[in-house]
>>> print(open('work30.txt').read())   # compact mmCIF, C-alpha atoms (C1' of nucleotides)
# COMPACT_ATOMS: atom_id res chain seq x y z
CA MET A 1 0.00 0.00 0.00
CA LYS A 2 1.26 3.41 -1.00
CA LYS A 3 1.76 6.02 1.64
CA SER A 4 -0.99 8.59 1.68
CA PRO A 5 0.14 11.93 0.21
CA ILE A 6 -1.34 13.86 3.12
CA ASN A 7 -0.59 14.26 6.79
CA ASN A 8 -3.21 14.27 9.52
CA ILE A 9 -3.46 18.01 9.97
CA HIS A 10 -3.98 18.60 6.27
CA MET A 11 -6.55 15.85 6.25
CA LEU A 12 -8.62 17.47 8.98
CA GLN A 13 -8.46 20.86 7.28
CA ILE A 14 -9.40 19.44 3.91
CA GLN A 15 -12.39 17.69 5.48
CA LYS A 16 -13.51 20.83 7.30
CA ASN A 17 -13.06 23.22 4.40
CA LEU A 18 -14.84 20.90 2.01
CA LEU A 19 -17.81 20.25 4.31
CA ASP A 20 -18.17 23.94 5.19
CA TRP A 21 -18.09 24.85 1.51
CA TYR A 22 -20.63 22.13 0.75
CA ASP A 23 -23.00 23.38 3.43
CA GLN A 24 -22.90 26.85 1.90
CA ASN A 25 -22.89 25.97 -1.79
CA LYS A 26 -24.53 22.62 -2.43
CA ARG A 27 -27.12 22.46 -5.17
CA ASP A 28 -30.69 21.71 -4.23
CA LEU A 29 -31.08 18.33 -5.95
CA PRO A 30 -34.19 16.18 -5.62
CA TRP A 31 -32.33 13.15 -4.24
CA ARG A 32 -30.82 15.36 -1.54
CA ARG A 33 -34.30 15.92 -0.16
CA THR A 34 -34.84 12.30 0.82
CA GLN A 35 -33.33 9.71 3.11
CA ASP A 36 -35.22 6.85 1.51
CA PRO A 37 -32.67 4.18 0.48
CA TYR A 38 -34.78 3.13 -2.50
CA SER A 39 -34.94 6.67 -3.88
CA ILE A 40 -31.23 7.18 -3.33
CA PHE A 41 -30.46 3.87 -5.01
CA VAL A 42 -32.53 4.84 -8.06
CA SER A 43 -30.76 8.21 -8.26
CA GLU A 44 -27.34 6.53 -8.17
CA MET A 45 -28.24 4.16 -10.99
CA MET A 46 -29.46 7.08 -13.10
CA LEU A 47 -26.38 9.16 -12.33
CA GLN A 48 -23.90 6.58 -13.63
CA GLN A 49 -22.04 8.39 -16.44
CA THR A 50 -24.94 10.79 -16.71
CA GLN A 51 -25.00 14.44 -15.76
CA VAL A 52 -27.18 15.80 -12.98
CA LYS A 53 -29.09 18.09 -15.34
CA THR A 54 -30.05 15.17 -17.54
CA VAL A 55 -31.21 12.98 -14.67
CA ILE A 56 -33.47 15.45 -12.86
CA PRO A 57 -36.63 15.13 -14.99
CA TYR A 58 -36.34 11.34 -15.09
CA TYR A 59 -35.87 10.93 -11.35
CA GLY A 60 -39.20 12.39 -10.22
CA ARG A 61 -41.18 10.70 -12.97
CA PHE A 62 -39.66 7.33 -12.17
CA LEU A 63 -40.37 7.52 -8.45
CA THR A 64 -43.94 8.68 -9.01
CA GLU A 65 -44.63 5.67 -11.20
CA LEU A 66 -42.51 3.16 -9.28
CA PRO A 67 -42.19 4.42 -5.69
CA ASP A 68 -40.74 1.32 -4.00
CA TRP A 69 -38.95 -2.01 -4.47
CA GLN A 70 -42.24 -3.90 -4.76
CA SER A 71 -43.71 -1.81 -7.55
CA LEU A 72 -40.39 -1.84 -9.42
CA ALA A 73 -40.03 -5.60 -9.09
CA LYS A 74 -43.57 -6.18 -10.35
CA ALA A 75 -43.50 -3.65 -13.22
CA LYS A 76 -43.42 -4.69 -16.86
CA GLU A 77 -39.97 -4.27 -18.35
CA GLU A 78 -41.54 -2.19 -21.11
CA LYS A 79 -42.82 0.32 -18.57
CA ILE A 80 -39.38 0.65 -16.98
CA LEU A 81 -37.72 1.14 -20.36
CA LYS A 82 -40.30 3.77 -21.29
CA LEU A 83 -39.47 5.67 -18.09
CA TRP A 84 -35.79 5.33 -19.03
CA GLU A 85 -36.28 6.34 -22.67
CA GLY A 86 -33.66 8.90 -23.72
CA LEU A 87 -31.48 8.42 -20.64
CA GLY A 88 -29.19 5.88 -22.32
CA TYR A 89 -27.29 2.86 -21.01
CA TYR A 90 -30.54 0.91 -20.93
CA ARG A 91 -28.88 -2.02 -19.21
CA ARG A 92 -29.09 0.11 -16.07
CA ALA A 93 -32.88 0.03 -16.21
CA ARG A 94 -32.99 -3.73 -16.60
CA ASN A 95 -30.41 -4.18 -13.84
CA LEU A 96 -32.41 -1.92 -11.57
CA GLN A 97 -35.42 -4.20 -11.80
CA ALA A 98 -33.26 -7.29 -11.34
CA ALA A 99 -31.83 -5.65 -8.22
CA ALA A 100 -35.33 -4.94 -6.89
CA LYS A 101 -36.27 -8.58 -7.36
CA MET A 102 -33.11 -9.73 -5.62
CA ILE A 103 -33.71 -7.37 -2.71
CA ILE A 104 -37.18 -8.74 -2.19
CA GLU A 105 -36.23 -12.37 -2.62
CA GLU A 106 -32.82 -12.51 -0.97
CA PHE A 107 -32.58 -9.49 1.30
CA ASN A 108 -36.01 -9.44 2.90
CA GLY A 109 -37.08 -6.30 1.07
CA HIS A 110 -34.27 -4.10 2.37
CA LEU A 111 -31.07 -2.82 0.80
CA PRO A 112 -28.10 -4.58 2.39
CA GLN A 113 -25.75 -2.32 4.33
CA THR A 114 -22.35 -3.91 3.71
CA ARG A 115 -20.15 -3.40 0.66
CA GLU A 116 -19.82 -7.12 0.14
CA GLU A 117 -23.57 -7.73 -0.01
CA ILE A 118 -24.59 -4.63 -1.93
CA LEU A 119 -22.02 -5.50 -4.61
CA LYS A 120 -24.01 -8.64 -5.33
CA LEU A 121 -26.79 -6.51 -6.82
CA PRO A 122 -26.63 -6.27 -10.62
CA GLY A 123 -25.53 -2.86 -11.82
CA VAL A 124 -23.80 -2.02 -8.53
CA GLY A 125 -20.02 -1.60 -8.72
CA GLN A 126 -17.55 -0.11 -6.28
CA TYR A 127 -18.66 3.47 -6.88
CA SER A 128 -22.39 2.82 -6.40
CA ALA A 129 -21.73 0.68 -3.34
CA GLY A 130 -19.79 3.50 -1.69
CA ALA A 131 -22.39 6.07 -2.68
CA VAL A 132 -25.38 4.19 -1.32
CA LEU A 133 -23.61 3.06 1.87
CA SER A 134 -22.39 6.54 2.73
CA ILE A 135 -25.37 8.61 1.56
CA ALA A 136 -28.27 6.37 2.53
CA PHE A 137 -26.77 4.62 5.56
CA GLN A 138 -24.09 7.03 6.86
CA LYS A 139 -21.38 4.38 6.58
CA ALA A 140 -17.80 5.68 6.42
CA GLU A 141 -17.30 4.13 2.98
CA PRO A 142 -15.31 5.89 0.24
CA LEU A 143 -16.30 6.38 -3.36
CA VAL A 144 -14.39 7.21 -6.52
CA ASP A 145 -15.97 8.60 -9.67
CA GLY A 146 -14.80 10.86 -12.49
CA ASN A 147 -15.12 13.92 -10.27
CA VAL A 148 -13.08 12.43 -7.44
CA ILE A 149 -10.39 11.39 -9.92
CA ARG A 150 -10.19 14.91 -11.31
CA VAL A 151 -10.11 16.55 -7.87
CA PHE A 152 -7.47 14.18 -6.49
CA SER A 153 -5.32 14.33 -9.62
CA ARG A 154 -4.99 18.07 -9.04
CA LEU A 155 -5.00 18.17 -5.26
CA PHE A 156 -2.10 15.69 -5.07
CA VAL A 157 -0.70 15.96 -8.63
CA LEU A 158 -1.36 12.35 -9.56
CA ARG A 159 -0.11 11.62 -13.08
CA GLY A 160 -0.95 8.93 -15.61
CA ASN A 161 -4.27 7.27 -16.35
CA LEU A 162 -6.07 7.17 -13.01
CA LYS A 163 -8.93 5.05 -14.29
CA THR A 164 -7.03 1.78 -14.50
CA GLY A 165 -4.68 -0.50 -12.65
CA GLU A 166 -2.40 0.56 -9.85
CA ASN A 167 -3.17 4.25 -10.28
CA HIS A 168 -6.88 3.59 -9.85
CA GLN A 169 -6.21 1.55 -6.71
CA ASN A 170 -4.15 4.41 -5.38
CA VAL A 171 -7.05 6.85 -5.84
CA TRP A 172 -9.29 4.48 -3.89
CA GLU A 173 -6.75 4.27 -1.09
CA ILE A 174 -6.57 8.03 -0.85
CA ALA A 175 -10.38 8.24 -0.81
CA ARG A 176 -10.50 5.67 1.99
CA SER A 177 -7.83 7.48 3.99
CA LEU A 178 -9.71 10.76 3.65
CA ILE A 179 -13.27 9.73 4.51
CA PRO A 180 -14.44 11.08 7.88
CA SER A 181 -16.50 8.92 10.24
CA LYS A 182 -18.75 11.94 10.78
CA ARG A 183 -20.94 12.92 7.77
CA PRO A 184 -19.30 10.51 5.29
CA GLY A 185 -22.20 10.84 2.84
CA ASP A 186 -21.96 14.62 2.80
CA PHE A 187 -18.20 14.40 2.45
CA ASN A 188 -18.45 12.13 -0.58
CA GLN A 189 -21.09 14.33 -2.16
CA ALA A 190 -19.01 17.42 -1.42
CA LEU A 191 -16.06 15.89 -3.25
CA MET A 192 -18.24 15.21 -6.29
CA GLU A 193 -19.96 18.57 -6.02
CA LEU A 194 -16.58 20.27 -6.11
CA GLY A 195 -15.64 18.35 -9.25
CA ALA A 196 -18.97 19.10 -10.88
CA THR A 197 -19.15 22.82 -10.12
CA LEU A 198 -15.62 24.23 -9.52
CA CYS A 199 -12.90 21.71 -10.27
CA LEU A 200 -14.03 21.57 -13.90
CA SER A 201 -12.19 19.76 -16.63
CA ASP A 202 -11.76 22.76 -18.95
CA ASN A 203 -11.98 25.86 -16.86
CA PRO A 204 -11.41 25.16 -13.15
CA GLN A 205 -12.53 27.95 -10.80
CA CYS A 206 -9.52 27.71 -8.51
CA LEU A 207 -10.03 31.12 -6.91
CA LEU A 208 -13.37 29.98 -5.52
CA CYS A 209 -12.10 26.58 -4.39
CA PRO A 210 -12.17 25.76 -0.67
CA LEU A 211 -9.14 23.49 -1.23
CA PHE A 212 -7.07 26.03 -3.16
CA GLN A 213 -4.44 26.36 -0.45
CA PHE A 214 -4.00 22.57 -0.30
CA CYS A 215 -4.03 22.02 -4.06
CA GLU A 216 -0.59 21.07 -5.32
CA ALA A 217 -1.56 21.62 -8.97
CA ALA A 218 -3.07 25.06 -8.35
CA GLN A 219 0.01 26.13 -6.39
CA ARG A 220 2.17 25.11 -9.33
CA GLY A 221 -0.26 26.48 -11.92
CA ILE A 222 -0.58 23.16 -13.72
CA GLN A 223 -4.24 22.41 -12.93
CA THR A 224 -5.32 22.45 -16.55
CA ASP A 225 -2.73 19.79 -17.41
CA LEU A 226 -4.49 17.36 -15.08
CA PRO A 227 -5.91 14.78 -15.05
CA GLU A 228 -3.95 13.02 -17.79
CA MET A 229 -6.61 11.16 -19.73
CA PRO A 230 -6.06 8.48 -22.41
CA LYS A 231 -7.10 9.37 -25.94
CA ALA A 232 -10.60 8.43 -26.93
CA ALA A 233 -11.18 5.58 -29.38
CA LYS A 234 -11.54 6.49 -33.04
CA ASN A 235 -15.02 6.83 -34.42
CA ILE A 236 -16.50 4.10 -36.58
CA GLU A 237 -19.05 4.88 -39.30
CA VAL A 238 -22.13 2.66 -39.23
CA PRO A 239 -24.81 2.86 -41.95
CA ILE A 240 -28.18 1.52 -40.80
CA ALA A 241 -31.21 1.20 -43.05
CA ALA A 242 -34.67 1.23 -41.44
CA LEU A 243 -38.02 0.45 -43.03
CA LEU A 244 -41.29 2.32 -42.78
CA VAL A 245 -43.92 -0.26 -43.64
CA GLU A 246 -47.57 0.78 -43.39
CA ASN A 247 -50.71 -1.27 -43.79
CA LYS A 248 -54.26 -0.23 -42.94
CA LYS A 249 -53.02 2.78 -40.97
CA LYS A 250 -50.76 0.61 -38.86
CA ILE A 251 -46.98 0.70 -38.85
CA LEU A 252 -44.58 -2.20 -38.51
CA VAL A 253 -42.23 -2.12 -35.51
CA LYS A 254 -39.76 -4.58 -34.08
CA LYS A 255 -38.52 -5.28 -30.57
CA ARG A 256 -34.75 -5.72 -30.21
CA ASP A 257 -34.15 -9.03 -28.50
CA GLU A 258 -31.65 -10.45 -26.04
CA ASN A 259 -28.92 -11.36 -28.52
CA GLU A 260 -28.65 -7.80 -29.81
CA LYS A 261 -25.44 -6.03 -29.03
CA TRP A 262 -27.10 -2.97 -27.57
CA LEU A 263 -30.45 -1.29 -26.93
CA LYS A 264 -31.90 -4.62 -25.84
CA GLY A 265 -35.64 -4.63 -25.26
CA LEU A 266 -36.23 -1.33 -27.04
CA TRP A 267 -38.55 -1.02 -30.05
CA GLU A 268 -37.64 0.39 -33.44
CA PHE A 269 -38.49 0.47 -37.10
CA PRO A 270 -37.13 -2.79 -38.55
CA SER A 271 -33.55 -2.09 -39.53
CA ALA A 272 -30.27 -3.60 -40.65
CA GLU A 273 -26.65 -2.60 -40.60
CA GLY A 274 -24.63 -2.82 -43.79
CA LYS A 275 -21.22 -1.93 -45.10
CA THR A 276 -23.10 0.61 -47.16
CA MET A 277 -26.58 2.03 -46.84
CA ASP A 278 -27.54 0.24 -50.08
CA GLU A 279 -26.50 -3.08 -48.65
CA GLY A 280 -28.53 -2.47 -45.51
CA ARG A 281 -31.59 -1.48 -47.51
CA GLN A 282 -31.34 -4.55 -49.72
CA LYS A 283 -31.00 -6.79 -46.68
CA MET A 284 -34.23 -5.37 -45.40
CA GLU A 285 -36.04 -5.77 -48.71
CA LYS A 286 -35.08 -9.42 -48.75
CA GLU A 287 -35.87 -10.11 -45.10
CA TYR A 288 -39.33 -8.60 -45.23
CA ASN A 289 -40.10 -9.26 -48.88
CA VAL A 290 -40.80 -5.61 -49.65
CA MET A 291 -39.85 -2.96 -52.18
CA ALA A 292 -38.23 0.07 -50.60
CA GLU A 293 -37.89 3.49 -52.17
CA LYS A 294 -34.30 4.26 -53.19
CA LYS A 295 -34.30 7.65 -51.52
CA PRO A 296 -34.64 7.82 -47.74
CA PHE A 297 -37.82 9.40 -46.36
CA LYS A 298 -35.79 10.72 -43.45
CA SER A 299 -32.10 10.68 -42.67
CA ILE A 300 -30.57 10.95 -39.19
CA ARG A 301 -27.02 11.18 -37.90
CA HIS A 302 -26.46 9.99 -34.40
CA GLN A 303 -23.44 9.39 -32.20
CA ILE A 304 -23.42 6.34 -29.92
CA THR A 305 -20.16 6.26 -27.95
CA ASN A 306 -17.60 5.95 -30.73
CA HIS A 307 -20.07 4.92 -33.44
CA LYS A 308 -21.19 7.50 -35.97
CA ILE A 309 -24.54 6.14 -37.00
CA HIS A 310 -26.08 7.07 -40.33
CA LEU A 311 -29.67 6.07 -39.97
CA ASP A 312 -31.92 6.25 -43.05
CA LEU A 313 -35.63 5.48 -43.04
CA PHE A 314 -36.99 4.08 -46.32
CA ILE A 315 -40.66 3.89 -47.18
CA ALA A 316 -41.49 0.34 -48.24
CA ARG A 317 -44.45 -1.33 -49.90
CA ASN A 318 -45.25 -4.82 -48.71
CA LYS A 319 -45.96 -7.42 -51.36
CA LYS A 320 -47.84 -9.60 -48.95
CA THR A 321 -48.89 -9.11 -45.37
CA ILE A 322 -46.14 -9.44 -42.82
CA LYS A 323 -47.19 -11.57 -39.88
CA ALA A 324 -46.99 -10.15 -36.38
CA SER A 325 -45.12 -12.06 -33.66
CA THR A 326 -43.71 -11.38 -30.20
CA HIS A 327 -40.95 -9.29 -31.71
CA LEU A 328 -42.85 -7.92 -34.70
CA LYS A 329 -45.93 -5.83 -34.27
CA TRP A 330 -48.36 -3.64 -36.25
CA VAL A 331 -49.20 -0.56 -34.21
CA THR A 332 -51.36 2.52 -34.49
CA PRO A 333 -49.70 5.93 -34.21
CA ALA A 334 -50.89 6.20 -30.59
CA GLU A 335 -49.38 2.82 -29.72
CA LEU A 336 -46.20 3.76 -31.54
CA GLU A 337 -45.77 6.71 -29.23
CA ASP A 338 -46.10 4.56 -26.11
CA LEU A 339 -43.33 2.11 -27.00
CA PRO A 340 -39.83 2.64 -25.63
CA PHE A 341 -37.54 3.73 -28.48
CA SER A 342 -33.87 4.57 -28.54
CA SER A 343 -32.95 8.20 -29.06
CA ALA A 344 -31.93 7.80 -32.72
CA GLN A 345 -34.97 5.78 -33.74
CA GLY A 346 -37.05 8.05 -31.53
CA LYS A 347 -36.14 10.93 -33.82
CA LEU A 348 -37.38 8.89 -36.78
CA ARG A 349 -40.59 8.14 -34.90
CA GLN A 350 -41.15 11.84 -34.23
CA TRP A 351 -40.70 12.56 -37.89
CA VAL A 352 -43.07 9.77 -38.89
CA LEU A 353 -45.77 10.88 -36.49
CA LYS A 354 -45.49 14.44 -37.69
CA ASN A 355 -45.09 13.99 -41.43
CA PHE A 356 -46.11 10.53 -42.57
CA VAL A 357 -49.11 9.82 -40.38
CA GLN A 358 -50.69 13.24 -40.82
CA LYS A 359 -50.20 13.21 -44.55
CA ASN A 360 -51.67 9.75 -44.70
CA ASN A 361 -54.73 10.68 -42.69
CA SER A 362 -55.55 13.65 -44.89
CA LYS A 363 -55.77 11.67 -48.09
C1' DT B 364 -7.39 -5.23 -19.34
C1' DA B 365 -9.62 -2.63 -22.52
C1' DA B 366 -13.57 -2.33 -25.20
C1' DC B 367 -18.22 -1.84 -25.04
C1' DC B 368 -22.64 0.27 -23.62
C1' DG B 369 -26.27 5.99 -24.91
C1' DT B 370 -27.24 10.45 -24.60
C1' DG B 371 -27.32 15.54 -24.44
C1' DG B 372 -24.57 19.50 -23.45
C1' DC B 373 -20.73 22.06 -24.20
C1' DC B 374 -17.19 24.89 -26.83
C1' DT C 375 -20.08 21.79 -35.80
C1' DG C 376 -17.49 17.81 -34.51
C1' DG C 377 -15.24 15.90 -30.81
C1' DC C 378 -15.11 15.42 -25.98
C1' DC C 379 -17.13 14.10 -21.80
C1' DA C 380 -20.16 13.04 -17.59
C1' DA C 381 -22.33 10.86 -10.03
C1' DG C 382 -19.74 3.55 -14.06
C1' DG C 383 -20.63 -1.49 -14.78
C1' DT C 384 -19.73 -5.61 -17.24
C1' DT C 385 -17.21 -8.93 -19.75
>>> encode(input="work30.txt", output="structure tokens")
Amino acid sequence: MKKSPINNIHMLQIQKNLLDWYDQNKRDLPWRRTQDPYSIFVSEMMLQQTQVKTVIPYYGRFLTELPDWQSLAKAKEEKILKLWEGLGYYRRARNLQAAAKMIIEEFNGHLPQTREEILKLPGVGQYSAGAVLSIAFQKAEPLVDGNVIRVFSRLFVLRGNLKTGENHQNVWEIARSLIPSKRPGDFNQALMELGATLCLSDNPQCLLCPLFQFCEAAQRGIQTDLPEMPKAAKNIEVPIAALLVENKKKILVKKRDENEKWLKGLWEFPSAEGKTMDEGRQKMEKEYNVMAEKKPFKSIRHQITNHKIHLDLFIARNKKTIKASTHLKWVTPAELEDLPFSSAQGKLRQWVLKNFVQKNNSK
DNA sequence: TAACCGTGGCC
DNA sequence: TGGCCAAGGTT
């Protein structure tokens, strides 16, 4: 174990300055108004790799519809995905329900209060375990997220990629050495709050920072050089052709199943990836035995992590009726709106509801 | 271990 | 406007 970069006096002052600053400056966030472990757990799942501003509207809606472990465990997956629609990383939503079921079946309806047990829940890693234990149960458990990494990298001038290997372990050890037994949840949140509001990646507000006098990087004027992040992966272009098939005022949609690579359980216009858009379109014509127009009805560009998706929607005429199944469905415009869609295909849906359906109804 | 999973906001 | 990134987890 590496020696901590701080002595005891510094540690106490850092704790005090940070907590005092937090008390004066913390944002009024909905999950800071509750002590309910379930609500806090839901907030932490939503906040994984997702900014506070994005989560806020989802959080209240979700808890109104699914206020406790029981209702979440019993809910239809489709309902949960609809509440999650647009938030991304949809595996989180499915894991959340799996966690609710496990809590009811294996933990007597209550969140476990040890790191070892809470880590057994799907979708809970070291960060979320620390967050829930400290915030909901006042356990002196540390947490490390992107904010903490950025703050520590500057406070102690930690170099290299802090997200992997030995460096990452070191950050955790510092976090553990710093956590106070009094108000651990507030301390953890204060650390993240600092990273989210002052210790910013691009333009850190060092003059307002309660830790300025302790910050090694600020003293040396190298705060914008830290943290040292690895280069992002190169983007990959992905053409995807989607079909708009209509019959008797109903539209054909497909549910993505379990062997899909991503967006599992979400609905979409039937679609196929190809090396080129032409190839994708022809795949679809063959699979559904339809004739598609050569020109797309609507074209969307969408970024998913490092994939640049070119999504084209082609109007198709069916030669014979396509049979519905569990994964293939004919829906009315109203039903179409109620299905959980991904963001990219959701844009297509919006366009269809606005332009295709209206035009169709008026003739 | 490193690549993969989504999205909207930001400059 | 294109590239980068955020209260991470999983495999």
>>> closest_residue(input="work30.txt", among="A:Leu121, A:Ala242, A:Ile300, A:Val253", to="chain C", atoms="all atoms listed in the file")
A:Leu121
>>> atom_distance(input="work30.txt", atom1="atom CA of Leu72 of chain A", atom2="atom CA of Lys101 of chain A")
8.2 Å
>>> closest_residue(input="work30.txt", among="A:Arg220, A:Lys255, A:Lys163, A:Lys275", to="DT364 of chain B", atoms="only C-alpha atoms (C1' of nucleotides)")
A:Lys163
>>> residues_around(input="work30.txt", residues="segment 226-237 of chain A", least_positions_apart="5", cutoff="12 Å", atoms="all atoms listed in the file", output="PDB file with C-alpha atoms (C1' of nucleotides), keeping the file's coordinate frame")
ATOM      1  CA  GLY A 146     -14.800  10.860 -12.490  1.00  0.00           C
ATOM      2  CA  ASN A 147     -15.120  13.920 -10.270  1.00  0.00           C
ATOM      3  CA  VAL A 148     -13.080  12.430  -7.440  1.00  0.00           C
ATOM      4  CA  ILE A 149     -10.390  11.390  -9.920  1.00  0.00           C
ATOM      5  CA  ARG A 150     -10.190  14.910 -11.310  1.00  0.00           C
ATOM      6  CA  VAL A 151     -10.110  16.550  -7.870  1.00  0.00           C
ATOM      7  CA  PHE A 152      -7.470  14.180  -6.490  1.00  0.00           C
ATOM      8  CA  SER A 153      -5.320  14.330  -9.620  1.00  0.00           C
ATOM      9  CA  ARG A 154      -4.990  18.070  -9.040  1.00  0.00           C
ATOM     10  CA  LEU A 155      -5.000  18.170  -5.260  1.00  0.00           C
ATOM     11  CA  PHE A 156      -2.100  15.690  -5.070  1.00  0.00           C
ATOM     12  CA  VAL A 157      -0.700  15.960  -8.630  1.00  0.00           C
ATOM     13  CA  LEU A 158      -1.360  12.350  -9.560  1.00  0.00           C
ATOM     14  CA  ARG A 159      -0.110  11.620 -13.080  1.00  0.00           C
ATOM     15  CA  GLY A 160      -0.950   8.930 -15.610  1.00  0.00           C
ATOM     16  CA  ASN A 161      -4.270   7.270 -16.350  1.00  0.00           C
ATOM     17  CA  LEU A 162      -6.070   7.170 -13.010  1.00  0.00           C
ATOM     18  CA  LYS A 163      -8.930   5.050 -14.290  1.00  0.00           C
ATOM     19  CA  THR A 164      -7.030   1.780 -14.500  1.00  0.00           C
ATOM     20  CA  ASN A 167      -3.170   4.250 -10.280  1.00  0.00           C
ATOM     21  CA  GLY A 195     -15.640  18.350  -9.250  1.00  0.00           C
ATOM     22  CA  CYS A 199     -12.900  21.710 -10.270  1.00  0.00           C
ATOM     23  CA  LEU A 200     -14.030  21.570 -13.900  1.00  0.00           C
ATOM     24  CA  SER A 201     -12.190  19.760 -16.630  1.00  0.00           C
ATOM     25  CA  ASP A 202     -11.760  22.760 -18.950  1.00  0.00           C
ATOM     26  CA  ASN A 203     -11.980  25.860 -16.860  1.00  0.00           C
ATOM     27  CA  PRO A 204     -11.410  25.160 -13.150  1.00  0.00           C
ATOM     28  CA  CYS A 215      -4.030  22.020  -4.060  1.00  0.00           C
ATOM     29  CA  GLU A 216      -0.590  21.070  -5.320  1.00  0.00           C
ATOM     30  CA  ALA A 217      -1.560  21.620  -8.970  1.00  0.00           C
ATOM     31  CA  ALA A 218      -3.070  25.060  -8.350  1.00  0.00           C
ATOM     32  CA  ARG A 220       2.170  25.110  -9.330  1.00  0.00           C
ATOM     33  CA  GLY A 221      -0.260  26.480 -11.920  1.00  0.00           C
ATOM     34  CA  GLU A 273     -26.650  -2.600 -40.600  1.00  0.00           C
ATOM     35  CA  GLY A 274     -24.630  -2.820 -43.790  1.00  0.00           C
ATOM     36  CA  LYS A 275     -21.220  -1.930 -45.100  1.00  0.00           C
ATOM     37  CA  THR A 276     -23.100   0.610 -47.160  1.00  0.00           C
ATOM     38  CA  MET A 277     -26.580   2.030 -46.840  1.00  0.00           C
ATOM     39  CA  ARG A 301     -27.020  11.180 -37.900  1.00  0.00           C
ATOM     40  CA  HIS A 302     -26.460   9.990 -34.400  1.00  0.00           C
ATOM     41  CA  GLN A 303     -23.440   9.390 -32.200  1.00  0.00           C
ATOM     42  CA  ILE A 304     -23.420   6.340 -29.920  1.00  0.00           C
ATOM     43  CA  THR A 305     -20.160   6.260 -27.950  1.00  0.00           C
ATOM     44  CA  ASN A 306     -17.600   5.950 -30.730  1.00  0.00           C
ATOM     45  CA  HIS A 307     -20.070   4.920 -33.440  1.00  0.00           C
ATOM     46  CA  LYS A 308     -21.190   7.500 -35.970  1.00  0.00           C
ATOM     47  CA  ILE A 309     -24.540   6.140 -37.000  1.00  0.00           C
ATOM     48  CA  HIS A 310     -26.080   7.070 -40.330  1.00  0.00           C
ATOM     49  CA  LEU A 311     -29.670   6.070 -39.970  1.00  0.00           C
TER      50      LEU A 311
ATOM     51  C1'  DA B 365      -9.620  -2.630 -22.520  1.00  0.00           C
ATOM     52  C1'  DA B 366     -13.570  -2.330 -25.200  1.00  0.00           C
ATOM     53  C1'  DC B 367     -18.220  -1.840 -25.040  1.00  0.00           C
TER      54       DC B 367
ATOM     55  C1'  DG C 376     -17.490  17.810 -34.510  1.00  0.00           C
ATOM     56  C1'  DG C 377     -15.240  15.900 -30.810  1.00  0.00           C
ATOM     57  C1'  DC C 378     -15.110  15.420 -25.980  1.00  0.00           C
ATOM     58  C1'  DC C 379     -17.130  14.100 -21.800  1.00  0.00           C
TER      59       DC C 379
END
>>> closest_residue(input="work30.txt", among="A:Lys53, A:Arg92, A:Lys74, A:Lys329", to="Lys264 of chain A", atoms="all atoms listed in the file")
A:Arg92
>>> residues_around(input="work30.txt", residues="Leu63 of chain A", least_positions_apart="5", cutoff="9 Å", atoms="only C-alpha atoms (C1' of nucleotides)", output="number ranges by chain")
A: 39, 42, 58, 68
>>> write_last_selection(input="work30.txt", atoms="C-alpha atoms", output="compact mmCIF listing (two decimals), in the frame of the given file")
# COMPACT_ATOMS: atom_id res chain seq x y z
CA SER A 39 -34.94 6.67 -3.88
CA VAL A 42 -32.53 4.84 -8.06
CA TYR A 58 -36.34 11.34 -15.09
CA ASP A 68 -40.74 1.32 -4.00
>>> residues_around(input="work30.txt", residues="DA380 of chain C", least_positions_apart="5", cutoff="7 Å", atoms="only C-alpha atoms (C1' of nucleotides)", output="mmCIF file with C-alpha atoms, in the coordinates of the input")
data_model
loop_
_atom_site.group_PDB
_atom_site.id
_atom_site.type_symbol
_atom_site.label_atom_id
_atom_site.label_comp_id
_atom_site.auth_asym_id
_atom_site.auth_seq_id
_atom_site.Cartn_x
_atom_site.Cartn_y
_atom_site.Cartn_z
ATOM 1 C CA GLN A 49 -22.040 8.390 -16.440
ATOM 2 C CA THR A 50 -24.940 10.790 -16.710
ATOM 3 C CA GLN A 51 -25.000 14.440 -15.760
#
